[in-house]
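So this one's data23.csv, CSV, C-alpha atoms:
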```csv
chain,number,residue,atom,x,y,z
U,1,MET,CA,95.3,117.9,151.2
U,2,GLY,CA,98.1,119.8,152.9
U,3,THR,CA,98.0,117.5,156.0
U,4,GLN,CA,100.5,114.8,156.9
U,5,ALA,CA,99.1,111.3,156.5
U,6,PRO,CA,99.1,109.1,159.7
U,7,VAL,CA,101.8,106.6,160.0
U,8,TYR,CA,100.7,103.0,160.6
U,9,PRO,CA,102.9,100.3,162.2
U,10,ASN,CA,102.9,98.1,159.1
U,11,THR,CA,103.7,100.8,156.7
U,12,ASN,CA,106.7,100.1,154.4
U,13,PRO,CA,109.1,103.2,154.6
U,14,ASP,CA,110.5,102.5,151.1
U,15,VAL,CA,107.1,102.5,149.6
U,16,ASP,CA,106.2,105.6,151.5
U,17,ASP,CA,109.3,107.4,150.2
U,18,LYS,CA,108.6,106.3,146.7
U,19,LEU,CA,105.0,107.5,146.8
U,20,LYS,CA,106.2,110.8,148.3
U,21,ARG,CA,108.7,111.3,145.5
U,22,GLN,CA,106.1,110.4,142.9
U,23,LYS,CA,103.7,112.9,144.4
U,24,GLU,CA,106.3,115.6,144.3
U,25,ILE,CA,107.0,114.9,140.7
U,26,ASP,CA,103.3,114.9,139.8
U,27,GLU,CA,102.8,118.2,141.5
U,28,TRP,CA,105.7,119.7,139.5
U,29,LEU,CA,104.7,118.3,136.1
U,30,PRO,CA,102.2,120.5,134.2
U,31,ILE,CA,100.2,117.5,133.0
U,32,THR,CA,99.5,116.3,136.6
U,33,SER,CA,100.0,119.4,138.7
U,34,ALA,CA,96.3,120.4,138.8
U,35,ARG,CA,93.9,117.8,140.3
U,36,ASN,CA,90.8,120.0,140.9
U,37,ALA,CA,89.3,119.7,137.4
U,38,LYS,CA,85.6,119.2,136.8
U,39,TRP,CA,84.0,116.4,134.9
U,40,TRP,CA,83.3,118.6,131.9
U,41,TYR,CA,87.0,119.4,131.7
U,42,SER,CA,87.4,115.6,131.1
U,43,ALA,CA,84.7,115.7,128.5
U,44,PHE,CA,86.1,118.4,126.3
U,45,HIS,CA,89.8,117.3,126.9
U,46,ASN,CA,88.8,113.9,125.6
U,47,VAL,CA,86.8,115.2,122.7
U,48,THR,CA,89.7,117.6,121.7
U,49,ALA,CA,92.2,114.7,121.9
U,50,MET,CA,90.1,112.0,120.2
U,51,VAL,CA,88.3,113.9,117.5
U,52,GLY,CA,91.4,114.7,115.5
U,53,ALA,CA,91.9,115.9,112.0
U,54,GLY,CA,92.1,112.2,111.1
U,55,VAL,CA,88.3,112.2,110.9
U,56,LEU,CA,88.6,114.3,107.7
U,57,SER,CA,90.4,111.5,106.0
U,58,LEU,CA,87.9,108.7,106.8
U,59,PRO,CA,86.1,109.0,103.4
U,60,TYR,CA,89.5,108.9,101.7
U,61,ALA,CA,90.5,105.8,103.7
U,62,LYS,CA,87.2,104.1,102.7
U,63,SER,CA,88.0,104.9,99.1
U,64,GLN,CA,91.1,102.8,99.4
U,65,LEU,CA,89.6,100.3,101.2
U,66,GLY,CA,91.1,105.0,131.3
U,67,TRP,CA,93.1,102.5,132.3
U,68,ARG,CA,93.2,102.4,136.1
U,69,PHE,CA,96.4,104.5,136.2
U,70,ASP,CA,96.8,108.3,135.8
U,71,ARG,CA,99.5,107.9,133.2
U,72,TYR,CA,100.1,105.3,130.5
U,73,HIS,CA,103.7,104.6,131.6
U,74,GLU,CA,102.5,103.7,135.1
U,75,LEU,CA,100.5,100.9,133.6
U,76,GLY,CA,103.6,99.8,131.7
U,77,GLN,CA,105.6,99.8,134.9
U,78,TYR,CA,102.9,97.8,136.7
U,79,ALA,CA,102.9,95.2,133.8
U,80,PHE,CA,106.6,95.0,133.1
U,81,GLY,CA,108.4,96.4,136.1
U,82,ASP,CA,109.7,99.9,136.9
U,83,LYS,CA,112.6,100.1,134.5
U,84,LEU,CA,111.5,97.9,131.7
U,85,GLY,CA,108.0,99.4,131.7
U,86,LEU,CA,109.4,102.9,131.1
U,87,TRP,CA,111.7,101.7,128.3
U,88,ILE,CA,108.8,100.0,126.5
U,89,VAL,CA,106.1,102.6,126.9
U,90,VAL,CA,107.8,106.1,127.0
U,91,PRO,CA,109.5,105.8,123.6
U,92,GLN,CA,106.1,104.8,122.1
U,93,GLN,CA,104.4,107.7,123.8
U,94,LEU,CA,107.0,110.1,122.4
U,95,ILE,CA,106.5,108.8,118.9
U,96,VAL,CA,102.7,109.2,119.2
U,97,GLU,CA,102.8,112.7,120.7
U,98,VAL,CA,105.4,114.0,118.2
U,99,GLY,CA,103.8,112.2,115.3
U,100,VAL,CA,100.4,113.6,116.0
U,101,ASP,CA,101.8,117.1,116.5
U,102,ILE,CA,103.5,116.9,113.1
U,103,VAL,CA,100.2,115.9,111.4
U,104,TYR,CA,98.4,118.7,113.3
U,105,MET,CA,101.1,121.2,112.3
U,106,VAL,CA,100.4,120.3,108.6
U,107,THR,CA,96.6,120.3,109.1
U,108,GLY,CA,96.6,123.8,110.8
U,109,GLY,CA,98.8,125.3,108.1
U,110,LYS,CA,96.9,123.8,105.2
U,111,SER,CA,93.5,124.8,106.7
U,112,LEU,CA,94.8,128.3,107.1
U,113,LYS,CA,95.8,128.4,103.5
U,114,LYS,CA,92.4,126.9,102.4
U,115,PHE,CA,90.7,129.6,104.4
U,116,HIS,CA,92.8,132.4,102.8
U,117,ASP,CA,92.4,131.0,99.3
U,118,THR,CA,88.6,130.7,99.8
U,119,VAL,CA,87.9,134.1,101.2
U,120,CYS,CA,90.3,135.9,98.9
U,121,SER,CA,90.5,133.9,95.7
U,122,SER,CA,91.9,136.9,93.8
U,123,CYS,CA,94.7,137.5,96.3
U,124,LYS,CA,98.3,136.7,95.7
U,125,GLN,CA,99.1,133.0,96.5
U,126,ILE,CA,101.1,132.5,99.7
U,127,LYS,CA,103.3,129.5,100.3
U,128,THR,CA,102.0,126.7,102.5
U,129,THR,CA,105.3,127.0,104.4
U,130,TYR,CA,104.3,130.5,105.7
U,131,PHE,CA,100.9,129.3,106.9
U,132,ILE,CA,102.5,126.5,108.8
U,133,MET,CA,104.8,129.0,110.4
U,134,ILE,CA,101.8,131.2,111.3
U,135,PHE,CA,100.1,128.3,112.9
U,136,ALA,CA,103.2,127.4,114.8
U,137,SER,CA,103.5,130.9,116.2
U,138,ALA,CA,100.4,130.4,118.3
U,139,HIS,CA,102.1,127.5,120.1
U,140,PHE,CA,105.1,129.5,121.0
U,141,VAL,CA,102.8,131.3,123.4
U,142,LEU,CA,100.5,128.4,124.5
U,143,SER,CA,103.5,126.1,125.2
U,144,HIS,CA,104.4,128.2,128.2
U,145,LEU,CA,101.1,127.7,130.0
U,146,PRO,CA,101.7,125.6,133.2
U,147,ASN,CA,99.2,122.8,133.1
U,148,PHE,CA,96.1,121.2,131.5
U,149,ASN,CA,93.7,123.3,133.5
U,150,SER,CA,95.3,126.5,132.1
U,151,ILE,CA,94.4,125.4,128.6
U,152,SER,CA,90.8,124.3,129.5
U,153,GLY,CA,89.4,127.3,127.6
U,154,VAL,CA,91.3,126.5,124.4
U,155,SER,CA,90.4,122.8,124.8
U,156,LEU,CA,86.7,123.7,125.2
U,157,ALA,CA,86.7,125.8,122.1
U,158,ALA,CA,88.6,123.0,120.2
U,159,ALA,CA,86.0,120.4,121.3
U,160,VAL,CA,83.2,122.6,120.0
U,161,MET,CA,85.0,123.2,116.8
U,162,SER,CA,85.5,119.5,116.2
U,163,LEU,CA,81.8,118.9,116.3
U,164,SER,CA,81.2,122.0,114.2
U,165,TYR,CA,83.5,121.2,111.3
U,166,SER,CA,82.5,117.6,111.2
U,167,THR,CA,78.9,118.6,110.9
U,168,ILE,CA,79.7,121.1,108.2
U,169,ALA,CA,81.8,118.3,106.4
U,170,TRP,CA,78.9,115.9,106.1
U,171,GLY,CA,76.1,118.5,105.9
U,172,ALA,CA,77.8,120.3,102.9
U,173,SER,CA,78.4,116.9,101.3
U,174,VAL,CA,74.7,116.1,101.6
U,175,ALA,CA,73.9,119.5,100.1
U,176,LYS,CA,76.2,118.9,97.2
U,177,GLY,CA,74.6,115.6,96.5
U,178,VAL,CA,76.0,112.4,94.9
U,179,GLN,CA,78.3,113.3,92.1
U,180,HIS,CA,77.2,112.3,88.6
U,181,ASP,CA,80.3,110.3,87.9
U,182,VAL,CA,80.7,108.8,91.4
U,183,ASP,CA,82.6,105.5,91.5
U,184,TYR,CA,82.8,103.3,94.6
U,185,GLY,CA,85.5,101.0,93.3
U,186,PHE,CA,89.2,101.1,94.1
U,187,ARG,CA,90.9,104.5,93.8
U,188,VAL,CA,93.7,103.1,91.6
U,189,HIS,CA,93.6,100.2,89.2
U,190,SER,CA,97.2,98.8,89.3
U,191,THR,CA,97.7,95.9,91.7
U,192,PRO,CA,100.6,97.6,93.6
U,193,GLY,CA,98.5,100.8,93.9
U,194,LYS,CA,95.6,98.8,95.4
U,195,VAL,CA,97.8,96.9,97.8
U,196,PHE,CA,99.8,100.0,99.1
U,197,GLY,CA,96.6,102.1,99.0
U,198,PHE,CA,95.0,99.5,101.3
U,199,PHE,CA,98.0,99.6,103.7
U,200,ASN,CA,97.8,103.4,103.8
U,201,ALA,CA,94.0,103.4,104.4
U,202,LEU,CA,94.6,101.1,107.4
U,203,GLY,CA,96.9,103.7,108.8
U,204,ASP,CA,94.4,106.5,108.1
U,205,VAL,CA,91.7,104.6,110.0
U,206,ALA,CA,94.1,103.7,112.8
U,207,PHE,CA,95.1,107.3,113.2
U,208,ALA,CA,91.5,108.5,113.3
U,209,TYR,CA,90.4,105.9,115.8
U,210,ALA,CA,93.5,105.7,117.9
U,211,GLY,CA,93.7,106.5,121.6
U,212,HIS,CA,90.2,105.4,122.3
U,213,ASN,CA,90.9,102.4,124.5
U,214,VAL,CA,89.8,103.5,128.0
U,215,GLU,CA,88.7,101.5,131.0
U,216,LYS,CA,86.3,102.8,133.6
U,217,PRO,CA,88.3,105.1,135.9
U,218,SER,CA,88.0,105.1,139.6
U,219,LYS,CA,86.4,108.5,139.8
U,220,GLY,CA,82.8,108.8,138.7
U,221,PRO,CA,83.0,112.4,137.3
U,222,MET,CA,85.8,111.4,134.9
U,223,TRP,CA,83.8,108.5,133.6
U,224,ARG,CA,80.9,110.9,133.0
U,225,GLY,CA,83.2,113.0,131.0
U,226,VAL,CA,84.4,110.0,128.9
U,227,ILE,CA,80.7,109.0,128.1
U,228,VAL,CA,80.0,112.5,126.9
U,229,ALA,CA,83.2,112.5,124.9
U,230,TYR,CA,82.3,109.2,123.1
U,231,ILE,CA,78.8,110.5,122.2
U,232,VAL,CA,80.4,113.5,120.5
U,233,VAL,CA,83.0,111.2,118.8
U,234,ALA,CA,80.2,109.1,117.3
U,235,LEU,CA,78.4,112.2,116.1
U,236,CYS,CA,81.6,113.4,114.4
U,237,TYR,CA,83.0,110.2,112.9
U,238,PHE,CA,80.3,108.1,111.4
U,239,PRO,CA,78.4,110.7,109.4
U,240,VAL,CA,81.6,112.1,107.9
U,241,ALA,CA,83.0,108.7,106.9
U,242,LEU,CA,79.8,107.3,105.4
U,243,ILE,CA,78.2,110.4,103.8
U,244,GLY,CA,81.5,111.7,102.5
U,245,PHE,CA,82.3,108.5,100.7
U,246,TRP,CA,78.7,108.1,99.5
U,247,MET,CA,78.8,111.5,97.9
U,248,PHE,CA,82.3,111.6,96.3
U,249,GLY,CA,83.3,107.9,96.0
U,250,ASN,CA,86.9,107.3,95.1
U,251,LYS,CA,87.4,110.9,94.0
U,252,VAL,CA,87.3,112.2,97.5
U,253,GLU,CA,90.4,114.2,98.6
U,254,ASP,CA,92.5,113.1,101.6
U,255,ASN,CA,90.8,115.9,103.5
U,256,ILE,CA,87.1,116.0,102.7
U,257,LEU,CA,87.0,119.8,103.2
U,258,ILE,CA,89.2,120.1,100.1
U,259,SER,CA,86.6,118.3,98.1
U,260,LEU,CA,84.0,120.9,99.1
U,261,GLU,CA,84.2,124.3,97.4
U,262,LYS,CA,80.7,125.9,97.9
U,263,PRO,CA,79.2,127.7,99.6
U,264,ALA,CA,82.6,129.5,100.0
U,265,TRP,CA,81.7,131.2,103.3
U,266,LEU,CA,80.7,127.9,104.9
U,267,ILE,CA,83.8,126.0,103.7
U,268,ALA,CA,86.0,128.9,104.9
U,269,MET,CA,84.4,128.8,108.3
U,270,ALA,CA,84.9,125.0,108.5
U,271,ASN,CA,88.6,125.4,107.8
U,272,MET,CA,88.9,128.0,110.5
U,273,PHE,CA,87.1,125.7,112.9
U,274,VAL,CA,89.7,123.1,112.0
U,275,VAL,CA,92.5,125.5,112.8
U,276,VAL,CA,91.0,126.3,116.2
U,277,HIS,CA,90.6,122.6,116.9
U,278,VAL,CA,94.1,121.5,116.0
U,279,ILE,CA,95.5,124.4,118.1
U,280,GLY,CA,93.8,122.8,121.1
U,281,SER,CA,94.7,119.2,120.0
U,282,TYR,CA,98.3,120.1,119.5
U,283,GLN,CA,98.6,121.3,123.1
U,284,ILE,CA,96.8,118.2,124.5
U,285,TYR,CA,99.4,116.0,122.8
U,286,ALA,CA,102.4,118.4,123.2
U,287,MET,CA,102.1,119.2,126.9
U,288,PRO,CA,103.3,115.8,128.0
U,289,VAL,CA,106.2,116.1,125.6
U,290,PHE,CA,107.0,119.6,126.9
U,291,ASP,CA,107.7,117.8,130.2
U,292,MET,CA,110.7,116.2,128.5
U,293,LEU,CA,111.5,118.0,125.3
U,294,GLU,CA,110.6,121.6,124.8
U,295,THR,CA,112.3,121.7,121.4
U,296,VAL,CA,109.4,119.5,120.0
U,297,LEU,CA,107.7,122.6,118.7
U,298,HIS,CA,110.6,123.6,116.5
U,299,PHE,CA,111.0,120.0,115.3
U,300,THR,CA,107.3,119.4,114.4
U,301,MET,CA,107.2,122.8,112.6
U,302,PHE,CA,110.3,121.8,110.5
U,303,ILE,CA,109.0,118.4,109.6
U,304,GLY,CA,105.5,119.8,108.8
U,305,ILE,CA,107.1,122.4,106.5
U,306,THR,CA,109.3,119.8,104.8
U,307,PHE,CA,106.7,117.1,104.3
U,308,PRO,CA,103.2,118.7,104.3
U,309,PHE,CA,101.5,115.6,103.0
U,310,PHE,CA,98.3,115.0,105.0
U,311,GLY,CA,97.2,111.6,103.7
U,312,GLY,CA,100.6,110.1,103.7
U,313,LEU,CA,101.5,111.3,107.2
U,314,LEU,CA,98.2,109.9,108.5
U,315,GLY,CA,98.9,106.5,107.1
U,316,PHE,CA,102.5,106.5,108.3
U,317,PHE,CA,102.0,107.6,111.8
U,318,GLY,CA,98.7,105.8,112.1
U,319,GLY,CA,100.5,102.5,111.8
U,320,PHE,CA,104.0,103.3,113.1
U,321,ALA,CA,102.9,105.3,116.1
U,322,PHE,CA,99.4,104.4,117.1
U,323,ALA,CA,99.3,100.7,116.4
U,324,PRO,CA,101.6,99.8,119.3
U,325,THR,CA,100.1,102.1,122.0
U,326,THR,CA,96.4,101.5,121.0
U,327,TYR,CA,96.0,98.2,119.3
U,328,PHE,CA,98.5,95.7,120.7
U,329,LEU,CA,100.6,97.0,123.6
U,330,PRO,CA,97.4,97.1,125.9
U,331,CYS,CA,96.9,93.4,125.0
U,332,VAL,CA,100.5,92.6,125.9
U,333,MET,CA,100.0,94.4,129.3
U,334,TRP,CA,96.8,92.5,129.9
U,335,LEU,CA,98.5,89.2,129.3
U,336,ALA,CA,101.4,90.2,131.6
U,337,ILE,CA,99.2,91.4,134.4
U,338,TYR,CA,96.3,88.8,134.4
U,339,LYS,CA,98.2,85.8,132.9
U,340,PRO,CA,95.1,84.1,131.4
U,341,LYS,CA,95.2,80.4,130.8
U,342,ARG,CA,96.8,79.4,127.5
U,343,TRP,CA,94.2,78.8,124.7
U,344,SER,CA,91.4,80.4,126.8
U,345,LEU,CA,89.1,82.9,125.2
U,346,SER,CA,90.9,85.9,126.8
U,347,TRP,CA,94.3,84.5,125.7
U,348,LEU,CA,93.2,83.9,122.1
U,349,VAL,CA,91.5,87.3,121.7
U,350,ASN,CA,94.5,89.2,123.1
U,351,TRP,CA,97.0,87.3,120.9
U,352,THR,CA,94.8,87.9,117.9
U,353,CYS,CA,94.8,91.6,118.6
U,354,ILE,CA,98.6,91.5,119.1
U,355,VAL,CA,99.2,89.8,115.7
U,356,LEU,CA,96.8,92.1,113.9
U,357,GLY,CA,98.4,95.1,115.6
U,358,LEU,CA,101.9,94.0,114.6
U,359,LEU,CA,100.7,93.6,111.0
U,360,LEU,CA,99.1,97.1,111.2
U,361,MET,CA,102.4,98.6,112.6
U,362,THR,CA,104.4,96.9,109.8
U,363,LEU,CA,102.2,97.4,106.7
U,364,SER,CA,100.6,100.8,107.3
U,365,PRO,CA,103.8,102.8,107.4
U,366,ILE,CA,104.9,101.1,104.1
U,367,GLY,CA,101.7,102.4,102.4
U,368,GLY,CA,102.0,105.8,104.1
U,369,LEU,CA,105.7,106.2,103.1
U,370,ARG,CA,104.9,105.2,99.5
U,371,GLN,CA,102.2,107.9,99.4
U,372,ILE,CA,104.6,110.5,100.8
U,373,ILE,CA,107.2,109.6,98.1
U,374,LEU,CA,104.5,109.9,95.4
U,375,ASP,CA,103.4,113.2,96.7
U,376,ALA,CA,107.0,114.4,97.0
U,377,LYS,CA,107.6,113.7,93.3
U,378,THR,CA,105.2,116.5,92.3
U,379,TYR,CA,105.9,118.9,95.2
U,380,THR,CA,108.3,121.7,95.3
U,381,PHE,CA,109.8,121.7,98.8
U,382,TYR,CA,109.3,124.8,101.0
U,383,SER,CA,106.9,126.2,98.4
```

Spell out the structure here as structure tokens.
Amino acid sequence: MGTQAPVYPNTNPDVDDKLKRQKEIDEWLPITSARNAKWWYSAFHNVTAMVGAGVLSLPYAKSQLGWRFDRYHELGQYAFGDKLGLWIVVPQQLIVEVGVDIVYMVTGGKSLKKFHDTVCSSCKQIKTTYFIMIFASAHFVLSHLPNFNSISGVSLAAAVMSLSYSTIAWGASVAKGVQHDVDYGFRVHSTPGKVFGFFNALGDVAFAYAGHNVEKPSKGPMWRGVIVAYIVVALCYFPVALIGFWMFGNKVEDNILISLEKPAWLIAMANMFVVVHVIGSYQIYAMPVFDMLETVLHFTMFIGITFPFFGGLLGFFGGFAFAPTTYFLPCVMWLAIYKPKRWSLSWLVNWTCIVLGLLLMTLSPIGGLRQIILDAKTYTFYS
């Protein structure tokens, strides 16, 4: 680094200029400016980004039912061309990043409120709106940090917190035991309720498991970080989903920590762990957006205050935002790049995933939007 690369006779000047401009842009952008990270940075950045608050809704969902490129849009450009690739991928990325930050804004605010209400049950009730604003205030400071490495401490704490509150969630569920009136049937009994609840559950699961399609990267240390991250993800997700539903059945809340009341000190601590985690997760998803849109913080806070409906937002954004970027757009890129023979196994598998992903993108937001409307009927806005 810092030395001029040798010029070879067959070098294309246009390509060299383009690579030089891209390098200058990467060195300026906060998400790519630091290239001296360690493998454990990759591990806890991945854990922080992947083990999201969506894990807390997996029991609720059951009751209703490394690519080779540094940045995702570069893969899109490789598959579809420089201009078309940007138009296809970047809007989807913006929807994902803004959508996740809206959900995390709600999660942070509600977890702060749950912490307050648990440790001080006799205190005067404070509006959820105020807690969301308190949570947002931390990001007015963190959003000015220059790059990913500068938030590595926050991300490490967030990764530890994700494993901690997930363990508390299933451990406290085991301690509470199977409820005497537990029912593992559908959450609702009407046919429309079952259908739309199923759609919303698909979105919940899509949100919780989204963003996990990685290919072995070129650098060994980063792959080591991915392996560690996935081990932690497995330890977080499966016990919460299975044990939470086993203990509470179809009466589980959209956030399992809400279903748990005792011991109060442990539940309060778990909710504070959630707050620390979503602070780090918010930054992981927001920093790329800050490259383009610094007002995203104000926007996500406003939407979170207006529609603080955790379960409905998960279902809506799980389908509308994550289905394209995680479940079928990679398959479209694969077909565009490798062009497998029609009706071959690869062709059939990818087209199956594309069709299922399109159905997920279409149906899950319908279920999520219906849930938001139902929640809004009994909610006093800005209360």

Contact residues around segment 262-270 of chain U with only C-alpha atoms at 9 Å, ignoring same-chain residues under 3 positions, as a PyMOL selection string: chain U and resi 111+114-119+161+164-166+168-169+172+176+257-258+273-275

How many Å separate atom CA of Ile354 of chain U from atom CA of Glu74 of chain U?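 Those two atoms sit 20.5 Å apart.
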
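Across the model, the gap from atom CA of Val100 of chain U to atom CA of Leu358 of chain U is 19.7 Å.
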
Find the residues of segment 267-343 of chain U that sit at most 9 Å from segment 76-86 of chain U; for each, write down the nearest two atoms and how far apart they are in Å, to one decimal. Count only C-alpha atoms. Sort by chain, then by number going up, and give it as a tab-separated table.
```
residue	atom	partner	partner_atom	distance
U:Pro330	CA	U:Gly76	CA	8.9
U:Val332	CA	U:Ala79	CA	8.7
U:Met333	CA	U:Ala79	CA	5.4
U:Trp334	CA	U:Ala79	CA	7.7
U:Leu335	CA	U:Ala79	CA	8.7
U:Ala336	CA	U:Ala79	CA	5.7
U:Ile337	CA	U:Ala79	CA	5.3
```

I need the residue nearest Val160 of chain U from this list: U:Ala321, U:Cys236, U:Val195, U:Val98. Use all atoms listed in the file for the distance.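 Using all atoms listed in the file, the shortest distance to Val160 of chain U belongs to U:Cys236.
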
Distance of atom CA of Ser281 of chain U from atom CA of Met105 of chain U, expressed in Å to one decimal place: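 Pair atom CA of Met105 of chain U / atom CA of Ser281 of chain U returns 10.2 Å.
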
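Take the candidates U:Ile279, U:Ile284, U:Met272, U:Leu369 and check each one against Phe310 of chain U using all atoms listed in the file; the shortest distance goes to U:Leu369.
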
Repaired coordinates for segment 345-368 of chain U (N, CA and C atoms) as a CSV table (one decimal), in the frame of the given file:
```csv
chain,number,residue,atom,x,y,z
U,345,LEU,N,89.7,81.9,126.0
U,345,LEU,CA,89.1,82.9,125.2
U,345,LEU,C,89.9,84.2,125.3
U,346,SER,N,90.2,84.6,126.5
U,346,SER,CA,90.9,85.9,126.8
U,346,SER,C,92.3,85.8,126.1
U,347,TRP,N,93.0,84.7,126.3
U,347,TRP,CA,94.3,84.5,125.7
U,347,TRP,C,94.3,84.6,124.2
U,348,LEU,N,93.3,83.9,123.6
U,348,LEU,CA,93.2,83.9,122.1
U,348,LEU,C,92.8,85.3,121.6
U,349,VAL,N,91.9,86.0,122.2
U,349,VAL,CA,91.5,87.3,121.7
U,349,VAL,C,92.6,88.3,121.8
U,350,ASN,N,93.4,88.3,122.9
U,350,ASN,CA,94.5,89.2,123.1
U,350,ASN,C,95.6,88.9,122.1
U,351,TRP,N,95.9,87.6,121.9
U,351,TRP,CA,97.0,87.3,120.9
U,351,TRP,C,96.6,87.6,119.5
U,352,THR,N,95.3,87.5,119.2
U,352,THR,CA,94.8,87.9,117.9
U,352,THR,C,95.0,89.3,117.7
U,353,CYS,N,94.6,90.1,118.7
U,353,CYS,CA,94.8,91.6,118.6
U,353,CYS,C,96.3,92.0,118.5
U,354,ILE,N,97.1,91.2,119.2
U,354,ILE,CA,98.6,91.5,119.1
U,354,ILE,C,99.1,91.2,117.7
U,355,VAL,N,98.7,90.1,117.1
U,355,VAL,CA,99.2,89.8,115.7
U,355,VAL,C,98.7,90.8,114.7
U,356,LEU,N,97.4,91.1,114.8
U,356,LEU,CA,96.8,92.1,113.9
U,356,LEU,C,97.4,93.5,114.1
U,357,GLY,N,97.7,93.9,115.4
U,357,GLY,CA,98.4,95.1,115.6
U,357,GLY,C,99.8,95.2,115.1
U,358,LEU,N,100.5,94.1,115.2
U,358,LEU,CA,101.9,94.0,114.6
U,358,LEU,C,101.8,94.2,113.1
U,359,LEU,N,100.8,93.5,112.5
U,359,LEU,CA,100.7,93.6,111.0
U,359,LEU,C,100.4,95.1,110.6
U,360,LEU,N,99.5,95.7,111.4
U,360,LEU,CA,99.1,97.1,111.2
U,360,LEU,C,100.4,98.0,111.3
U,361,MET,N,101.2,97.8,112.3
U,361,MET,CA,102.4,98.6,112.6
U,361,MET,C,103.4,98.4,111.5
U,362,THR,N,103.4,97.2,110.9
U,362,THR,CA,104.4,96.9,109.8
U,362,THR,C,103.9,97.4,108.4
U,363,LEU,N,102.6,97.2,108.1
U,363,LEU,CA,102.2,97.4,106.7
U,363,LEU,C,101.8,98.8,106.5
U,364,SER,N,101.1,99.5,107.5
U,364,SER,CA,100.6,100.8,107.3
U,364,SER,C,101.7,101.8,107.0
U,365,PRO,N,102.8,101.8,107.7
U,365,PRO,CA,103.8,102.8,107.4
U,365,PRO,C,104.4,102.6,106.0
U,366,ILE,N,104.4,101.4,105.5
U,366,ILE,CA,104.9,101.1,104.1
U,366,ILE,C,104.0,101.9,103.1
U,367,GLY,N,102.6,101.7,103.3
U,367,GLY,CA,101.7,102.4,102.4
U,367,GLY,C,101.8,103.9,102.6
U,368,GLY,N,101.9,104.4,103.9
U,368,GLY,CA,102.0,105.8,104.1
U,368,GLY,C,103.3,106.4,103.5
```
